[in-house]
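J.: One structure is given below, represented as structure tokens, and several questions about it will come after.
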Amino acid sequence: PYKTVKNMQDTQMLNYIKEVLKNMPSDWLNLTTHRLDIYVESLAKTQFLDQFEDLFKANNAETAALKKLPTAYDYIRLGHPLSSILEWAIAKTNNLKPENVISFASNTVPILAILRKNLLDKKNTQILYTGALPPAFDAELIRNVYGYHFELKQLDANTAISAFEGSTILLSQDAKIGTLDLNPNIDFYINLYGSLGSVLTVYGEKNEAYISEIQHVRRRETIAMTPANCLVALKALVEHKDIAPAKRDVAEAKKSVLTSIQKITGSPTTPLVASSGLSMQYAIMMGLIHDAQENHKEKAIKFLVPPNCYGGTNDQARRVAACLDNVEIVDLPVDGDNDMVQSIDTVLNKVAAEDAVPYIIAEIPTNPRVEVPNLQQLKAVLSKERKTAAGDTAIDPVFILDQTFCPNYQFLGEGEILSTVRAVSYASGSKFPSGGKCTAGYVVGNTKTSDLMEKIALHLTLCDNEATALQYEILAEQLPSMNQRIIDAYENTQEFVNFIKETLPGAKINFVSDELAAQGFTPSVFSLDLPTKGKTDEEREAYKRALNLKLINLMITEIPKESKFCVSYGQLKGCYWTIPATSTQGTTKEGDKDYIVRASLSGNMDLDRHKKVFLKFVDNI
């Protein structure tokens, strides 16, 4: 009798999802940031499903009701409305909690997520699989480069799964969505769906401590299954059909994207395109670690990272170092009172003395202070031959440049400023490259790093983190207009910055100078240190923090169609406001956070309206 009731409930739920898919807001599919106007960070992982569940109980699938649902997570790469509904539906049909089901765009990263936690917890893992392993899974590299330990076992139809001292992962290539093997000896069940991605299910209370760790890997080293792919999976689920392999031919779009990137960056090597900027950065880090292991056996590896740079970069770098004994993060102070070139020189001397392998990750312009170092001096410091304590020639550094803020500046082409030192440059794709339409990011190298680019490609493939077919199509459509959009957005930003200087001369503005703009640095982001008052430092800081929010709230309430509270940058339209300390610097140490306002403008917005509202803010201070 239980089965019939369950089937009735399932049928009811699947019928409801069918209606939801018919009526869902187009934003669910087409935006990388959803309903940030009602975003509550502390509830980001639960609020969407709680309210969705209420709609389900009321059998309300109307577009108007769905439109009012809050954001799921704060950014599409970590999860979104459709991935949340997919996970919820699979959990419901299997009597599990929705948070125990986690979807990935990658087939290998969910395995790596469990291996990472077990490495840190010193716990054994066995990976059982039927048929074949995911094509990207390279057991030897995962053991040697990532440092993970596991046993691999192929199962045939009759093998019983026995208890194991540690975690048991079962990989399945079932073409049905949501069919699970609920064997009590399995801890983690991973359904692999080829180019669509994968779904990981966490079994049993004893494994619930893994959930937030696994979600954190999804947040930092890969992305959730994309909206378009979740839609395919949900349709297969409600129609009780197998997942049909996608018919997309990606060759044409990919060729166009690689050509565009080479043209924009002037880079001589073939670019690589990943599912997100952080997936790209992960492949860069692991590729360089792999190279150091081959060419500088046993030597310590040092990643030089600015402590206040983008939180994802900072956090991921430290997460990689936490897993490997010979990898360490060295703080590199780059802006404010610190000069990037000076800091690099000092830290490289120290790393050289220790005969270690130096890898530098830095943003140009810096975030959020929008500073550009003296490039001739930067080149000189990176080119300088240094000695180890024993008097030998030290290993030359690799400069890993995060160029998200100015992706049009040609650093790496023949004769350009960083063409003669080992350097690679990467950019987040959810910003200018796609205009906010997808998350795919890319990396390019110069002629001195062609061997490193091969290693990076290897790890991008191993993590199954290459851009999806649809992401390539979006980039193919958006990249050709990128440089023009950058110019238009810069012009709006410059005009707005000049207006703020006139109307609020007491504010300190961080933006590029006219000289830097003439050299080709034309970001469309600036940060604003508002004037403050108070008798003590505490009072002044508290006053300024309240004023920051007052400005942002005024902008987004008065111009809701254009001004959004979001960290985004390079969008096709509108204007984005954030406070780095509470957004992009989420995982940064408190003392390194920037409690200032950061704004980013697009080339398509009502600038006069923004000036009027800003004036209103100034009049009310």
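If you're wondering about the labels, chains in the structure tokens are A, B, ... by order shown, residues count from 1 in each chain, ligands from 1 in order shown.
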Taking only stretch 130-370 of chain A into account, list the residues labelled helix (DSSP H, G or I) by DSSP (computed from the backbone), as a PyMOL selection string.
T.: chain A and resi 139-144+194-196+205-207+210-221+227-238+251-265+277-295+311-323+340-353
J.: Give me the stretch 56-155 of chain A side of the contact with stretch 215-218 of chain A, cut-off 8 Å, one line per residue showing its nearest atom pair and distance in Å at one decimal, counting only C-alpha atoms, sorted by chain and residue number, as a Markdown table.
T.:
```
| residue | atom | partner | partner_atom | distance |
| --- | --- | --- | --- | --- |
| A:Arg77 | CA | A:Arg218 | CA | 7.9 |
| A:Leu78 | CA | A:Arg218 | CA | 6.1 |
| A:Ile102 | CA | A:Gln215 | CA | 7.5 |
| A:Phe104 | CA | A:Arg218 | CA | 7.1 |
| A:Val109 | CA | A:Arg218 | CA | 7.8 |
| A:Pro110 | CA | A:Arg218 | CA | 7.9 |
| A:Ala113 | CA | A:Val217 | CA | 5.9 |
```
J.: Would you mind listing what lies within 10 Å of A:Gln377 as a PyMOL selection string, with only C-alpha atoms counted and same-chain residues fewer than 2 positions away left out?
T.: chain A and resi 340-342+345+373-375+379-383
J.: Within stretch 16-227 of chain A, find each residue whose DSSP state, derived from the backbone, is strand (DSSP E), and express the selection as a ChimeraX atom specification.
T.: /A:101-104,125-130,151-155,167-172,188-192,198-202
J.: Please build the interface table for stretch 38-126 of chain A against stretch 11-20 of chain A with a cut-off of 12 Å, listing for each qualifying residue the nearest atom pair and the distance in Å to one decimal; count only C-alpha atoms, order rows by chain and increasing number, and write it as JSON lines.
T.:
```
{"residue": "A:Phe52", "atom": "CA", "partner": "A:Val20", "partner_atom": "CA", "distance": 10.2}
{"residue": "A:Glu53", "atom": "CA", "partner": "A:Met13", "partner_atom": "CA", "distance": 10.5}
{"residue": "A:Leu55", "atom": "CA", "partner": "A:Tyr16", "partner_atom": "CA", "distance": 9.7}
{"residue": "A:Phe56", "atom": "CA", "partner": "A:Tyr16", "partner_atom": "CA", "distance": 7.0}
{"residue": "A:Lys57", "atom": "CA", "partner": "A:Met13", "partner_atom": "CA", "distance": 9.5}
{"residue": "A:Ala58", "atom": "CA", "partner": "A:Tyr16", "partner_atom": "CA", "distance": 10.3}
{"residue": "A:Asn59", "atom": "CA", "partner": "A:Tyr16", "partner_atom": "CA", "distance": 6.9}
{"residue": "A:Asn60", "atom": "CA", "partner": "A:Tyr16", "partner_atom": "CA", "distance": 8.3}
{"residue": "A:Ala61", "atom": "CA", "partner": "A:Val20", "partner_atom": "CA", "distance": 5.2}
{"residue": "A:Glu62", "atom": "CA", "partner": "A:Val20", "partner_atom": "CA", "distance": 7.5}
{"residue": "A:Thr63", "atom": "CA", "partner": "A:Val20", "partner_atom": "CA", "distance": 7.9}
{"residue": "A:Ala64", "atom": "CA", "partner": "A:Val20", "partner_atom": "CA", "distance": 11.2}
{"residue": "A:Ala65", "atom": "CA", "partner": "A:Val20", "partner_atom": "CA", "distance": 10.2}
{"residue": "A:Leu66", "atom": "CA", "partner": "A:Val20", "partner_atom": "CA", "distance": 7.9}
{"residue": "A:Lys67", "atom": "CA", "partner": "A:Val20", "partner_atom": "CA", "distance": 11.0}
{"residue": "A:Pro81", "atom": "CA", "partner": "A:Val20", "partner_atom": "CA", "distance": 11.1}
{"residue": "A:Leu82", "atom": "CA", "partner": "A:Val20", "partner_atom": "CA", "distance": 10.1}
{"residue": "A:Ile85", "atom": "CA", "partner": "A:Ile17", "partner_atom": "CA", "distance": 8.3}
{"residue": "A:Leu86", "atom": "CA", "partner": "A:Ile17", "partner_atom": "CA", "distance": 9.3}
{"residue": "A:Trp88", "atom": "CA", "partner": "A:Met13", "partner_atom": "CA", "distance": 10.3}
{"residue": "A:Ala89", "atom": "CA", "partner": "A:Met13", "partner_atom": "CA", "distance": 7.7}
{"residue": "A:Ile90", "atom": "CA", "partner": "A:Leu14", "partner_atom": "CA", "distance": 10.3}
{"residue": "A:Ala91", "atom": "CA", "partner": "A:Met13", "partner_atom": "CA", "distance": 11.6}
{"residue": "A:Lys92", "atom": "CA", "partner": "A:Met13", "partner_atom": "CA", "distance": 8.5}
{"residue": "A:Thr93", "atom": "CA", "partner": "A:Met13", "partner_atom": "CA", "distance": 8.8}
```
J.: Do a neighbour search on A:Ile169 at 8 Å with only C-alpha atoms, toss out local chain neighbours closer than 4 positions, and write the hits as a PyMOL selection string.
T.: chain A and resi 111+125-128+186-190
J.: Can you spit out the residues from that selection as a JSON list (two decimals), in the first residue's frame, using N, CA and C atoms?
T.:
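Written out: part04.json:
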```json
[["chain", "number", "residue", "atom", "x", "y", "z"],
["A", 111, "ILE", "N", 33.39, 13.62, -6.94],
["A", 111, "ILE", "CA", 34.26, 12.59, -6.36],
["A", 111, "ILE", "C", 35.41, 13.27, -5.60],
["A", 125, "THR", "N", 38.70, 5.83, 1.51],
["A", 125, "THR", "CA", 37.59, 5.93, 0.55],
["A", 125, "THR", "C", 37.70, 4.79, -0.45],
["A", 126, "GLN", "N", 36.57, 4.13, -0.73],
["A", 126, "GLN", "CA", 36.58, 3.21, -1.87],
["A", 126, "GLN", "C", 35.56, 3.71, -2.89],
["A", 127, "ILE", "N", 36.00, 3.69, -4.16],
["A", 127, "ILE", "CA", 35.14, 4.12, -5.26],
["A", 127, "ILE", "C", 34.72, 2.90, -6.06],
["A", 128, "LEU", "N", 33.42, 2.60, -6.04],
["A", 128, "LEU", "CA", 32.90, 1.46, -6.78],
["A", 128, "LEU", "C", 32.23, 1.98, -8.05],
["A", 186, "ILE", "N", 26.32, 1.95, 1.10],
["A", 186, "ILE", "CA", 26.81, 3.06, 0.26],
["A", 186, "ILE", "C", 26.69, 4.36, 1.06],
["A", 187, "ASP", "N", 27.74, 5.18, 1.02],
["A", 187, "ASP", "CA", 27.69, 6.48, 1.69],
["A", 187, "ASP", "C", 27.33, 7.60, 0.72],
["A", 188, "PHE", "N", 27.86, 7.50, -0.50],
["A", 188, "PHE", "CA", 27.63, 8.56, -1.50],
["A", 188, "PHE", "C", 27.30, 7.90, -2.83],
["A", 189, "TYR", "N", 26.24, 8.35, -3.45],
["A", 189, "TYR", "CA", 25.84, 7.78, -4.73],
["A", 189, "TYR", "C", 25.95, 8.90, -5.77],
["A", 190, "ILE", "N", 26.72, 8.67, -6.83],
["A", 190, "ILE", "CA", 26.90, 9.72, -7.84],
["A", 190, "ILE", "C", 26.37, 9.22, -9.19]]
```
J.: Give me the residues near A:Asp331 as a list in words, where near means some atom within 12 Å (using only C-alpha atoms) and where sequence neighbours in that chain fewer than 3 positions away do not count.
T.: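 That gives Lys302, Phe303, Leu304, Val305, Pro306, Pro307, Asn308, Cys309, Asn314, Ala317, Arg318, Glu328, Val334, Met340, Ser343, Ile344, Thr346, Val347, Leu348, Val351, Tyr359, Ile360, Ile361, Ala362, Thr588, Lys589 and Asp592 of chain A.
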J.: Suppose you want the space between atom CA of A:Asp325 and atom CA of A:Tyr146; what is it in Å?
T.: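 Answer for the atom CA of A:Asp325 to atom CA of A:Tyr146 separation: 10.8 Å.
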J.: Contacts of A:Ser279 at 8 Å or less, counting only C-alpha atoms, minus same-chain residues fewer than 6 places along, as a list of chain:residue names?
T.: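 Skipping anything fewer than 6 positions along the chain leaves A:Arg220, A:Glu221, A:Thr222, A:Ile223, A:Gly441, A:Leu460, A:Asn465.
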J.: What gap, in Å, lies between atom CA of A:Pro268 and atom CA of A:Pro365?
T.: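 So the two atoms, atom CA of A:Pro268 and atom CA of A:Pro365, lie 22.6 Å apart.
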J.: Smallest atom-to-atom distance to A:Gly277: which of A:Thr439, A:Thr159, A:Ser260, A:Ser425, using only C-alpha atoms?
T.: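 Selected residue with least distance to A:Gly277: A:Thr439.
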J.: With a distance cut-off of 9 Å and only C-alpha atoms, select the neighbouring residues of A:Leu115, excluding the residue or stretch itself and same-chain residues fewer than 3 positions from it, and output the selection as a list in words.
T.: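 Within the cut-off, the hits are Pro110, Ile111, Leu112, Asn118, Leu119, Leu120, Lys123, Asn124, Thr125, Tyr148, His149 and Phe150 of chain A.
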J.: Which is closest to A:Tyr442 among A:Phe411, A:Tyr472, A:Phe565, A:Phe521, if we use only C-alpha atoms?
T.: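 Comparing A:Phe411, A:Tyr472, A:Phe565, A:Phe521 against A:Tyr442, the winner is A:Tyr472.
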J.: For the atom pair atom CA of A:Thr493 and atom CA of A:Asn408, what is the interatomic distance in Å to one decimal place?
T.: 16.6 Å
J.: From the set A:Lys206, A:Thr33, A:Asn349, A:Leu324, which residue has the shortest atom-to-atom contact distance to A:Gly166, counting only C-alpha atoms?
T.: A:Lys206
J.: Given the choices A:Asp249, A:Asp529, A:Asp54, A:Glu371, which gets closest to A:Asn548 if the distance is worked out from only C-alpha atoms?
T.: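 Among A:Asp249, A:Asp529, A:Asp54, A:Glu371, it is A:Asp529 that comes nearest to A:Asn548.
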J.: A:Gln281, A:Thr461, A:Gln478, A:Ser524: which is nearest A:Phe137, counting only C-alpha atoms?
T.: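 So, comparing all the options, the nearest one is A:Thr461.
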